[in-house]
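J.: Provided herewith: query_26.pdb, PDB, C-alpha atoms, pLDDT in the B column.
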```pdb
ATOM      1  CA  MET A   1      -4.041   9.387   3.744  1.00 44.00           C
ATOM      2  CA  GLY A   2      -5.948  12.332   2.322  1.00 48.00           C
ATOM      3  CA  ILE A   3      -7.598  10.178  -0.321  1.00 51.00           C
ATOM      4  CA  PHE A   4      -9.770   8.738   2.467  1.00 49.00           C
ATOM      5  CA  SER A   5     -10.958  12.101   3.728  1.00 54.00           C
ATOM      6  CA  PRO A   6     -14.714  12.518   4.069  1.00 52.00           C
ATOM      7  CA  ALA A   7     -14.648  15.216   1.384  1.00 56.00           C
ATOM      8  CA  ASN A   8     -12.990  12.917  -1.157  1.00 57.00           C
ATOM      9  CA  ILE A   9     -15.186   9.933  -0.352  1.00 53.00           C
ATOM     10  CA  SER A  10     -18.288  12.119  -0.619  1.00 52.00           C
ATOM     11  CA  GLN A  11     -17.215  13.247  -4.093  1.00 55.00           C
ATOM     12  CA  ILE A  12     -16.738   9.647  -5.183  1.00 55.00           C
ATOM     13  CA  LEU A  13     -20.137   8.673  -3.791  1.00 53.00           C
ATOM     14  CA  LEU A  14     -21.755  11.690  -5.431  1.00 53.00           C
ATOM     15  CA  LEU A  15     -20.352  10.508  -8.747  1.00 53.00           C
ATOM     16  CA  ALA A  16     -21.646   6.994  -8.071  1.00 51.00           C
ATOM     17  CA  PHE A  17     -25.150   8.296  -7.371  1.00 52.00           C
ATOM     18  CA  SER A  18     -25.158  10.447 -10.489  1.00 55.00           C
ATOM     19  CA  SER A  19     -27.733   9.505 -13.102  1.00 57.00           C
ATOM     20  CA  ASN A  20     -25.145  10.047 -15.838  1.00 66.00           C
ATOM     21  CA  VAL A  21     -23.092   6.926 -15.112  1.00 64.00           C
ATOM     22  CA  SER A  22     -23.638   3.330 -16.128  1.00 72.00           C
ATOM     23  CA  ASN A  23     -24.613   0.625 -13.660  1.00 66.00           C
ATOM     24  CA  GLU A  24     -21.287  -1.097 -14.348  1.00 71.00           C
ATOM     25  CA  PHE A  25     -19.340   2.037 -13.412  1.00 66.00           C
ATOM     26  CA  ARG A  26     -21.517   2.554 -10.328  1.00 60.00           C
ATOM     27  CA  ASN A  27     -20.896  -1.037  -9.210  1.00 59.00           C
ATOM     28  CA  THR A  28     -17.156  -0.584  -9.728  1.00 64.00           C
ATOM     29  CA  ILE A  29     -17.146   2.448  -7.446  1.00 61.00           C
ATOM     30  CA  PHE A  30     -19.134   0.719  -4.711  1.00 55.00           C
ATOM     31  CA  ASN A  31     -16.974  -2.409  -4.922  1.00 58.00           C
ATOM     32  CA  SER A  32     -13.734  -0.448  -4.661  1.00 61.00           C
ATOM     33  CA  ILE A  33     -14.554   1.708  -1.635  1.00 59.00           C
ATOM     34  CA  PRO A  34     -14.368  -1.152   0.916  1.00 55.00           C
ATOM     35  CA  ARG A  35     -10.990  -2.173  -0.523  1.00 58.00           C
ATOM     36  CA  TYR A  36      -9.559   1.310  -0.098  1.00 60.00           C
ATOM     37  CA  SER A  37     -11.038   1.510   3.388  1.00 63.00           C
ATOM     38  CA  ALA A  38      -9.389  -1.792   4.289  1.00 60.00           C
ATOM     39  CA  TYR A  39      -6.020  -0.513   3.092  1.00 63.00           C
ATOM     40  CA  ASN A  40      -6.524   2.650   5.114  1.00 66.00           C
ATOM     41  CA  ASP A  41      -7.085   0.413   8.149  1.00 66.00           C
ATOM     42  CA  ILE A  42      -3.647  -1.128   7.551  1.00 67.00           C
ATOM     43  CA  TYR A  43      -2.095   2.320   7.630  1.00 65.00           C
ATOM     44  CA  LEU A  44      -3.889   3.100  10.878  1.00 68.00           C
ATOM     45  CA  LEU A  45      -2.877  -0.214  12.477  1.00 64.00           C
ATOM     46  CA  ILE A  46       0.750  -0.129  11.354  1.00 67.00           C
ATOM     47  CA  GLY A  47       1.281   3.620  11.130  1.00 62.00           C
ATOM     48  CA  ASN A  48       4.002   3.620  13.779  1.00 75.00           C
ATOM     49  CA  LYS A  49       5.896   0.626  12.330  1.00 84.00           C
ATOM     50  CA  SER A  50       9.564   1.209  11.534  1.00 90.00           C
ATOM     51  CA  TRP A  51      12.577  -0.839  10.543  1.00 92.00           C
ATOM     52  CA  ASN A  52      16.194  -0.337  11.612  1.00 93.00           C
ATOM     53  CA  VAL A  53      18.532  -1.783   8.988  1.00 91.00           C
ATOM     54  CA  ASN A  54      22.245  -1.146   9.517  1.00 88.00           C
ATOM     55  CA  GLY A  55      21.480   1.876  11.675  1.00 89.00           C
ATOM     56  CA  VAL A  56      19.131   3.473   9.145  1.00 86.00           C
ATOM     57  CA  ILE A  57      15.594   3.808  10.476  1.00 91.00           C
ATOM     58  CA  THR A  58      12.739   3.788   7.967  1.00 91.00           C
ATOM     59  CA  PRO A  59       9.226   4.358   9.324  1.00 90.00           C
ATOM     60  CA  PHE A  60       6.100   3.132   7.557  1.00 86.00           C
ATOM     61  CA  THR A  61       4.226   6.256   6.517  1.00 82.00           C
ATOM     62  CA  GLY A  62       1.600   4.851   4.175  1.00 75.00           C
ATOM     63  CA  TYR A  63       0.922   4.340   0.512  1.00 72.00           C
ATOM     64  CA  THR A  64       2.395   6.228  -2.397  1.00 65.00           C
ATOM     65  CA  SER A  65      -0.371   6.226  -4.944  1.00 60.00           C
ATOM     66  CA  HIS A  66      -3.476   4.565  -6.250  1.00 62.00           C
ATOM     67  CA  GLY A  67      -1.199   2.922  -8.831  1.00 70.00           C
ATOM     68  CA  ALA A  68       0.793   1.012  -6.212  1.00 76.00           C
ATOM     69  CA  LEU A  69      -2.389   0.217  -4.312  1.00 71.00           C
ATOM     70  CA  SER A  70      -4.194  -1.030  -7.418  1.00 72.00           C
ATOM     71  CA  TYR A  71      -1.214  -3.174  -8.358  1.00 79.00           C
ATOM     72  CA  GLY A  72      -1.244  -4.772  -4.915  1.00 81.00           C
ATOM     73  CA  ILE A  73      -4.971  -5.471  -5.166  1.00 75.00           C
ATOM     74  CA  SER A  74      -4.588  -6.913  -8.665  1.00 79.00           C
ATOM     75  CA  LYS A  75      -1.820  -9.253  -7.466  1.00 84.00           C
ATOM     76  CA  GLY A  76      -3.943 -10.561  -4.604  1.00 84.00           C
ATOM     77  CA  PHE A  77      -2.366  -8.677  -1.713  1.00 85.00           C
ATOM     78  CA  SER A  78      -5.172  -8.521   0.822  1.00 82.00           C
ATOM     79  CA  PRO A  79      -5.035  -6.185   3.818  1.00 78.00           C
ATOM     80  CA  SER A  80      -4.258  -9.142   6.106  1.00 82.00           C
ATOM     81  CA  LEU A  81      -1.391 -10.281   3.850  1.00 88.00           C
ATOM     82  CA  ILE A  82       0.058  -6.771   3.782  1.00 86.00           C
ATOM     83  CA  ARG A  83      -0.146  -6.593   7.572  1.00 84.00           C
ATOM     84  CA  SER A  84       1.628  -9.968   7.827  1.00 90.00           C
ATOM     85  CA  ILE A  85       4.387  -8.906   5.451  1.00 92.00           C
ATOM     86  CA  LEU A  86       4.975  -5.594   7.208  1.00 88.00           C
ATOM     87  CA  ASN A  87       4.945  -7.152  10.685  1.00 88.00           C
ATOM     88  CA  ASN A  88       6.703 -10.472  10.059  1.00 93.00           C
ATOM     89  CA  GLY A  89       8.682 -10.198   6.834  1.00 95.00           C
ATOM     90  CA  THR A  90      12.441 -10.385   6.404  1.00 96.00           C
ATOM     91  CA  VAL A  91      13.790  -6.903   5.701  1.00 96.00           C
ATOM     92  CA  ILE A  92      16.784  -5.975   3.567  1.00 96.00           C
ATOM     93  CA  ARG A  93      17.930  -2.528   2.436  1.00 94.00           C
ATOM     94  CA  VAL A  94      19.102  -2.423  -1.164  1.00 94.00           C
ATOM     95  CA  PRO A  95      20.536   0.300  -3.407  1.00 94.00           C
ATOM     96  CA  TYR A  96      18.053   1.445  -6.033  1.00 91.00           C
ATOM     97  CA  GLN A  97      18.996   4.001  -8.679  1.00 88.00           C
ATOM     98  CA  ASN A  98      20.609   6.812  -6.631  1.00 87.00           C
ATOM     99  CA  SER A  99      18.898   5.896  -3.375  1.00 90.00           C
ATOM    100  CA  TYR A 100      17.695   2.931  -1.314  1.00 92.00           C
ATOM    101  CA  GLN A 101      14.668   0.712  -0.832  1.00 94.00           C
ATOM    102  CA  LEU A 102      13.532  -1.655   1.869  1.00 95.00           C
ATOM    103  CA  ARG A 103      12.467  -4.985   0.465  1.00 96.00           C
ATOM    104  CA  ILE A 104      10.368  -6.974   2.880  1.00 96.00           C
ATOM    105  CA  PHE A 105      10.005 -10.647   1.946  1.00 97.00           C
ATOM    106  CA  TYR A 106       7.486 -13.125   3.325  1.00 97.00           C
ATOM    107  CA  GLN A 107       6.631 -16.782   2.674  1.00 96.00           C
ATOM    108  CA  TYR A 108       3.018 -17.095   1.539  1.00 94.00           C
ATOM    109  CA  GLU A 109       1.284 -20.128   0.030  1.00 91.00           C
ATOM    110  CA  GLY A 110       4.536 -21.752  -1.081  1.00 92.00           C
ATOM    111  CA  ARG A 111       6.041 -18.665  -2.679  1.00 92.00           C
ATOM    112  CA  THR A 112       7.961 -15.611  -1.578  1.00 95.00           C
ATOM    113  CA  VAL A 113       6.100 -12.335  -1.859  1.00 96.00           C
ATOM    114  CA  GLY A 114       7.147  -8.913  -0.724  1.00 95.00           C
ATOM    115  CA  ILE A 115       6.632  -5.215  -0.412  1.00 94.00           C
ATOM    116  CA  VAL A 116       9.036  -2.477  -1.454  1.00 94.00           C
ATOM    117  CA  ILE A 117       9.221   0.679   0.639  1.00 93.00           C
ATOM    118  CA  ASP A 118      11.178   3.773  -0.355  1.00 92.00           C
ATOM    119  CA  SER A 119      13.886   4.324   2.273  1.00 92.00           C
ATOM    120  CA  THR A 120      15.435   7.456   0.804  1.00 88.00           C
ATOM    121  CA  VAL A 121      15.488   9.942   3.680  1.00 85.00           C
ATOM    122  CA  GLY A 122      13.964  13.221   2.539  1.00 86.00           C
ATOM    123  CA  GLY A 123      12.517  11.673  -0.604  1.00 85.00           C
ATOM    124  CA  GLN A 124       8.940  12.341  -1.665  1.00 85.00           C
ATOM    125  CA  ASN A 125       7.939   8.715  -1.088  1.00 87.00           C
ATOM    126  CA  PHE A 126      10.035   8.077   2.026  1.00 90.00           C
ATOM    127  CA  GLY A 127       8.436   5.334   4.123  1.00 89.00           C
ATOM    128  CA  LYS A 128       5.743   4.580   1.569  1.00 87.00           C
ATOM    129  CA  ILE A 129       4.997   1.417  -0.369  1.00 88.00           C
ATOM    130  CA  VAL A 130       6.169   1.814  -3.949  1.00 89.00           C
ATOM    131  CA  THR A 131       5.410  -1.671  -5.269  1.00 90.00           C
ATOM    132  CA  TYR A 132       4.655  -5.299  -4.418  1.00 91.00           C
ATOM    133  CA  LEU A 133       6.842  -8.318  -5.243  1.00 92.00           C
ATOM    134  CA  THR A 134       5.491 -11.684  -6.312  1.00 89.00           C
ATOM    135  CA  ASN A 135       7.139 -15.056  -7.019  1.00 80.00           C
ATOM    136  CA  TYR A 136      10.576 -14.256  -5.576  1.00 71.00           C
TER     137      TYR A 136
END
```
Now that the file is in, can you turn its structure into structure tokens?
T.:
Amino acid sequence: MGIFSPANISQILLLAFSSNVSNEFRNTIFNSIPRYSAYNDIYLLIGNKSWNVNGVITPFTGYTSHGALSYGISKGFSPSLIRSILNNGTVIRVPYQNSYQLRIFYQYEGRTVGIVIDSTVGGQNFGKIVTYLTNY
């Protein structure tokens, strides 16, 4: 979770305090930092979570990218919802391209939502969230 390192956060805050940015951009930065911190808290709380599906163990190792994280935020996946999905969802392992994914489904507000985690052992994104599923 290097993106949450003090050095990186300080650079973001330095940019926010710069006189060369608009108030709108500054507000965007300050509004996004608590969201990223909340998602980091999920990683810290569920960092040792793992799933055993048909004898294949996939640990939860964190998030893949800001892209996946931003998509989750934009689709309304709050930190508490993500925690609920990871802890209480129904897990299946499915083939995907030349590898596998874990798809974790959860009933939420009358619909099925989910999280996809890369379960390709040795892969760059192994154990990380690669996308979020809505309306399944």
J.: Rank A:Gln124, A:Ser74, A:Ser22, A:Asn135 by their smallest atom-to-atom distance to A:Glu109, using only C-alpha atoms, and report the top residue only.
T.: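 Smallest distance to A:Glu109 is found for A:Asn135.
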J.: Calculate how many Å separate atom CA of A:Asn125 from atom CA of A:Gly76, rounding to one decimal.
T.: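 Value for the atom CA of A:Asn125-atom CA of A:Gly76 distance: 22.9 Å.
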J.: Could you tell me, as an NGL selection string, exactly which residues end up selected when the PyMOL selection byres ((chain A and resi 84) around 12) is applied to this structure?
T.: :A and (42 or 45-46 or 77-83 or 85-90 or 104-108 or 113-115)
J.: Keeping C-alpha atoms, export the residues of the selection given above as a tab-separated table (two decimals), keeping the file's coordinate frame.
T.:
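Final output, saved to selection-v9.tsv:
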```
chain	number	residue	atom	x	y	z
A	42	ILE	CA	-3.65	-1.13	7.55
A	45	LEU	CA	-2.88	-0.21	12.48
A	46	ILE	CA	0.75	-0.13	11.35
A	77	PHE	CA	-2.37	-8.68	-1.71
A	78	SER	CA	-5.17	-8.52	0.82
A	79	PRO	CA	-5.04	-6.18	3.82
A	80	SER	CA	-4.26	-9.14	6.11
A	81	LEU	CA	-1.39	-10.28	3.85
A	82	ILE	CA	0.06	-6.77	3.78
A	83	ARG	CA	-0.15	-6.59	7.57
A	85	ILE	CA	4.39	-8.91	5.45
A	86	LEU	CA	4.97	-5.59	7.21
A	87	ASN	CA	4.94	-7.15	10.68
A	88	ASN	CA	6.70	-10.47	10.06
A	89	GLY	CA	8.68	-10.20	6.83
A	90	THR	CA	12.44	-10.38	6.40
A	104	ILE	CA	10.37	-6.97	2.88
A	105	PHE	CA	10.01	-10.65	1.95
A	106	TYR	CA	7.49	-13.12	3.32
A	107	GLN	CA	6.63	-16.78	2.67
A	108	TYR	CA	3.02	-17.10	1.54
A	113	VAL	CA	6.10	-12.34	-1.86
A	114	GLY	CA	7.15	-8.91	-0.72
A	115	ILE	CA	6.63	-5.22	-0.41
```
J.: Which polymer residues have any atom within 9 Å of an atom of A:Gly67, counting all atoms listed in the file, with same-chain residues fewer than 4 positions away left out, as a list in words?
T.: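 Selected residues are Tyr71, Gly72, Val130 and Thr131 of chain A.
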J.: Pick out the residues sitting within 12 Å of A:Leu102, and hand them over as a PyMOL selection string; count all atoms listed in the file, and ignore anything fewer than 6 positions along from it in its own chain.
T.: chain A and resi 50-54+56-60+86+89-96+114-121+126-133
J.: Using N, CA and C atoms, give me stretch 88-130 of chain A from the structure I just pasted, as a short mmCIF file (atom, residue, chain, number, x, y, z; two decimals), in the first residue's frame.
T.:
```cif
data_model
loop_
_atom_site.label_atom_id
_atom_site.label_comp_id
_atom_site.auth_asym_id
_atom_site.auth_seq_id
_atom_site.Cartn_x
_atom_site.Cartn_y
_atom_site.Cartn_z
N ASN A 88 -18.10 -11.80 4.16
CA ASN A 88 -19.33 -12.58 4.19
C ASN A 88 -19.84 -13.04 2.83
N GLY A 89 -19.16 -12.66 1.77
CA GLY A 89 -19.65 -12.99 0.44
C GLY A 89 -19.48 -14.46 0.07
N THR A 90 -20.23 -14.86 -0.95
CA THR A 90 -20.12 -16.21 -1.51
C THR A 90 -19.02 -16.20 -2.56
N VAL A 91 -18.06 -17.11 -2.41
CA VAL A 91 -16.86 -17.10 -3.25
C VAL A 91 -16.90 -18.22 -4.28
N ILE A 92 -16.63 -17.87 -5.53
CA ILE A 92 -16.43 -18.89 -6.57
C ILE A 92 -15.14 -18.56 -7.31
N ARG A 93 -14.48 -19.59 -7.81
CA ARG A 93 -13.26 -19.41 -8.60
C ARG A 93 -13.62 -19.72 -10.04
N VAL A 94 -13.35 -18.76 -10.93
CA VAL A 94 -13.74 -18.93 -12.32
C VAL A 94 -12.54 -18.74 -13.25
N PRO A 95 -12.51 -19.49 -14.36
CA PRO A 95 -11.46 -19.25 -15.36
C PRO A 95 -11.64 -17.85 -15.96
N TYR A 96 -10.53 -17.18 -16.21
CA TYR A 96 -10.57 -15.87 -16.83
C TYR A 96 -9.33 -15.73 -17.71
N GLN A 97 -9.56 -15.58 -19.00
CA GLN A 97 -8.48 -15.57 -19.99
C GLN A 97 -7.64 -16.82 -19.78
N ASN A 98 -6.35 -16.69 -19.49
CA ASN A 98 -5.50 -17.88 -19.29
C ASN A 98 -5.24 -18.13 -17.81
N SER A 99 -6.08 -17.59 -16.94
CA SER A 99 -5.84 -17.73 -15.51
C SER A 99 -7.16 -17.88 -14.77
N TYR A 100 -7.20 -17.43 -13.53
CA TYR A 100 -8.39 -17.55 -12.70
C TYR A 100 -8.66 -16.27 -11.92
N GLN A 101 -9.93 -16.12 -11.52
CA GLN A 101 -10.34 -15.04 -10.64
C GLN A 101 -11.22 -15.60 -9.55
N LEU A 102 -11.21 -14.94 -8.40
CA LEU A 102 -12.22 -15.18 -7.38
C LEU A 102 -13.30 -14.15 -7.60
N ARG A 103 -14.52 -14.58 -7.61
CA ARG A 103 -15.65 -13.65 -7.66
C ARG A 103 -16.41 -13.83 -6.37
N ILE A 104 -16.52 -12.77 -5.63
CA ILE A 104 -17.14 -12.80 -4.31
C ILE A 104 -18.43 -12.01 -4.39
N PHE A 105 -19.56 -12.71 -4.26
CA PHE A 105 -20.88 -12.10 -4.42
C PHE A 105 -21.54 -11.89 -3.05
N TYR A 106 -22.36 -10.83 -2.99
CA TYR A 106 -22.98 -10.44 -1.73
C TYR A 106 -24.30 -9.75 -2.02
N GLN A 107 -25.33 -10.07 -1.23
CA GLN A 107 -26.63 -9.42 -1.38
C GLN A 107 -26.61 -8.08 -0.65
N TYR A 108 -26.94 -7.01 -1.39
CA TYR A 108 -26.89 -5.67 -0.82
C TYR A 108 -28.01 -4.82 -1.40
N GLU A 109 -28.89 -4.34 -0.55
CA GLU A 109 -30.00 -3.48 -0.96
C GLU A 109 -30.79 -4.05 -2.14
N GLY A 110 -31.14 -5.33 -2.05
CA GLY A 110 -31.96 -5.96 -3.07
C GLY A 110 -31.26 -6.32 -4.36
N ARG A 111 -29.96 -6.23 -4.40
CA ARG A 111 -29.23 -6.61 -5.61
C ARG A 111 -27.99 -7.39 -5.21
N THR A 112 -27.41 -8.06 -6.17
CA THR A 112 -26.17 -8.79 -5.92
C THR A 112 -25.01 -7.96 -6.42
N VAL A 113 -24.08 -7.69 -5.54
CA VAL A 113 -22.87 -6.96 -5.90
C VAL A 113 -21.69 -7.88 -5.62
N GLY A 114 -20.52 -7.50 -6.09
CA GLY A 114 -19.38 -8.36 -5.86
C GLY A 114 -18.06 -7.68 -6.09
N ILE A 115 -17.04 -8.43 -5.77
CA ILE A 115 -15.66 -8.00 -5.94
C ILE A 115 -14.93 -9.11 -6.68
N VAL A 116 -14.06 -8.73 -7.60
CA VAL A 116 -13.24 -9.71 -8.32
C VAL A 116 -11.80 -9.57 -7.85
N ILE A 117 -11.22 -10.70 -7.47
CA ILE A 117 -9.83 -10.74 -7.02
C ILE A 117 -9.06 -11.68 -7.93
N ASP A 118 -7.89 -11.23 -8.37
CA ASP A 118 -7.04 -12.06 -9.22
C ASP A 118 -6.52 -13.23 -8.39
N SER A 119 -6.75 -14.45 -8.85
CA SER A 119 -6.27 -15.62 -8.11
C SER A 119 -5.25 -16.42 -8.91
N THR A 120 -4.54 -15.73 -9.79
CA THR A 120 -3.48 -16.37 -10.56
C THR A 120 -2.20 -16.37 -9.75
N VAL A 121 -1.82 -17.53 -9.23
CA VAL A 121 -0.61 -17.63 -8.41
C VAL A 121 0.59 -17.16 -9.22
N GLY A 122 1.36 -16.25 -8.62
CA GLY A 122 2.55 -15.73 -9.29
C GLY A 122 2.27 -14.55 -10.19
N GLY A 123 1.00 -14.23 -10.40
CA GLY A 123 0.65 -13.10 -11.24
C GLY A 123 0.91 -11.77 -10.54
N GLN A 124 1.07 -10.73 -11.32
CA GLN A 124 1.37 -9.40 -10.78
C GLN A 124 0.28 -8.92 -9.82
N ASN A 125 -0.96 -9.25 -10.09
CA ASN A 125 -2.07 -8.77 -9.28
C ASN A 125 -2.65 -9.84 -8.35
N PHE A 126 -1.90 -10.91 -8.10
CA PHE A 126 -2.37 -12.01 -7.28
C PHE A 126 -2.87 -11.50 -5.93
N GLY A 127 -4.12 -11.85 -5.60
CA GLY A 127 -4.69 -11.48 -4.31
C GLY A 127 -5.19 -10.06 -4.21
N LYS A 128 -5.22 -9.36 -5.33
CA LYS A 128 -5.64 -7.96 -5.33
C LYS A 128 -6.98 -7.80 -6.03
N ILE A 129 -7.72 -6.79 -5.61
CA ILE A 129 -9.00 -6.48 -6.25
C ILE A 129 -8.72 -5.93 -7.64
N VAL A 130 -9.38 -6.51 -8.64
CA VAL A 130 -9.20 -6.01 -10.00
C VAL A 130 -10.43 -5.27 -10.52
#
```
